Amino acid sequence: MKKILITLMIFALALTASGQDITGDWYGTLKTPVGKLTVVLHISKNGDTYSSTMDSPDQGAKGIPMSTVTLNNDTLVLTHKDANIRYTGIILGKDSVSGTFTQAGQSFPLGLSRKLIVQASPKRPQDPVKPYPYREENVTFINPKGNFTLAGTLTLPAEGNKFPVVILITGSGPQNRNEELLGHKPFLIWADYLTRRGIAVLRCDDRGSYESKGDFSTATTFDFTTDVEAAINYLKSRKDINLKKIGLMGHSEGGLIAPLVASRNKDVAFIVMLAGPGISGGEILLRQQALIAKVSGQSDKDIEISHSVNAEVFRMVNEIQQQDSLQAQISRFLHSQAIEHPGVVLTKGSSIDDAVNIEVKTILNPWVLSFIRYNPEPTLEKVKCPVLAIIGSKDLQVPADANLPVIEKALKKAGNKHFTVKELPGLNHLFQECNTGAPAEYGQIEQTISPSALQLVGDWIKVNTK
């Protein structure tokens with residue numbers, strides 16, 4: 001069952017071995033639909049127990065601990081609970097491991113070696129260089145509903161007081177405050193651009209990620225709204241913030257969260273939806289899978305089979321609320337489809353049982369269930385504050401033609417008189433100027449955010465914070 005979630009993030013691996021010294025550093029390159037990701041493993045031993053941390057330099061992630069490591073002869077099985085990762089590798093010798101990396105039902109080959117392959121750092125010309133012409137503070141605050149600390153960065157113009165402020169909300173997957181991916185730091189760029197224009201910006205690490213506490217693994221979109229509300233309450237405690245001009249800007253899943261918060265919180269003065277969905281999560285995933293598969297060269301027949309299988313699974317998710325019954329029915333259905341369409345539904349090299357178990361576990365994840373079932377349209381019908389909703393014409397993850405008309409219709413039904421809904425020509429899901437819009441292009445493009453998108457958003461926020 002092939003699918004691409006809204007934001008593809010790769011987080012961790014680990015390693016141990018039998019009969020040889022495997023401690024030290026291991027290196028590999030993971031080839032994913034969003035490009036190549038460098039993996040660095042740091043393996044240590046305490047008595048008879050091995051442990052490992054992992055770095056993903058392309059995502060700004062360091063020192064990520066693994067959940068479990070098991071060894072059967074020379075076969076390694078490694079997992080990371082929060083990121084829903086499984087790595088199976090065969091030790092080929094003291095300097096080499098051959099294996100398969102699986103996350104959210106998608107599998108990719110990953111070989112490891114002790115040799116560091118030095119690659120040139122990708123050029124990111126838009127990254128700002130210190131010293132910045134504005135103030136920057138590392139801040140922490142409490143989410144009282146979970147009683148944990150969130151950590152972030154607040155940037156403030158160098159001069160003045162009572163600043164309008166924007167809270168940036170990341171897309172899906174555990175992400176740092178810069179929403180870092182493949183060397184790109186979109187939220188750093190947004191924060192820098194807006195702060196230079198006189199607007200304060202708060203951006204935070206997701207709960208349970210990097211310097212923020214809390215549990216990410218069981219959280220849903222609705223739980224993340226409480227993190228944003230905690231950020232609003234923190235800003236209200238500061239004397240340098242204009243309490244009547246607190247806005248939200250969410251990217252992808254963040255574009256679901258912003259309207260949810262705004263619909264029930266009068267402290268939100270405006271929202272910006274950057275590639276935020278207007279249709280249900282299940283419909284988003286169906287369209288996303290087909291569009292990305294098409295541009296990646298998959299056959300129409302395989303795309304049709306995948307679409308049919310996914311659509312039936314999502315129907316079950318929407319109609320069956322009882323967890324045990326849902327699990328049993330999805331398992332039976334996927335097992336039958338894996339037998340009927342092994343080249344499409346079954347992950348290459350996996351047994352049917354293993355493939356089905358991975359898929360079912362992924363689908364029953366609280367976030368996935370919630371995302372598939374959630375339809376943002378009724379929420380948008382309750383949003384009264386000014387709204388800017390933009391999507392790139394080449395966005396294959398949240399396609400403009402399917403989402404923008406629904407957003408516009410919902411805001412009109414809300415009686416909202418101050419909204420702008422706009423498709424941006426030639427831009428992808430990250431608002432980069434691109435060729436096809438495929439996620440595989442993201443890391444290859446030097447540009448992080450199109451200047452036209454930056455200016456449009458900056459101008460709109462300035463008008464709505466006068």
# chains A, B, ... in the order shown; residues from 1 in each chain; ligands from 1
>>> select_by_dssp(residues="region 188-424 of chain A", states="strand (DSSP E or B)", output="count of residues only")
35
>>> residues_around(residues="region 24-31 of chain A", least_positions_apart="4", cutoff="10 Å", atoms="only C-alpha atoms", output="VMD selection string")
chain A and resid 10 14 to 15 35 to 45 52 to 55 95 to 97 100 to 101 107 to 117 440
>>> residues_around(residues="Gly250 (chain A)", least_positions_apart="2", cutoff="12 Å", atoms="only C-alpha atoms", output="NGL selection string")
:A and (166-172 or 179 or 186-187 or 190 or 202-203 or 224-225 or 228 or 247-248 or 252-262 or 270-277 or 387-390)
>>> residues_around(residues="Val129 (chain A)", least_positions_apart="4", cutoff="12 Å", atoms="only C-alpha atoms", output="list in words")
Arg124, Pro125, Pro133, Tyr134, Leu188, Ile189 and Asp192 of chain A
>>> select_by_dssp(residues="region 62-246 of chain A", states="alpha helix (DSSP H)", output="list in words")
Pro186, Phe187, Leu188, Ile189, Trp190, Ala191, Asp192, Tyr193, Leu194, Thr195, Arg196, Thr221, Phe222, Asp223, Phe224, Thr225, Thr226, Asp227, Val228, Glu229, Ala230, Ala231, Ile232, Asn233, Tyr234, Leu235 and Lys236 of chain A
>>> atom_distance(atom1="CA of Phe222 (chain A)", atom2="CA of Asp267 (chain A)")
18.2 Å
>>> closest_residue(among="A:Leu364, A:Ile64, A:Leu404, A:Leu182", to="Ile445 (chain A)", atoms="only C-alpha atoms")
A:Leu182
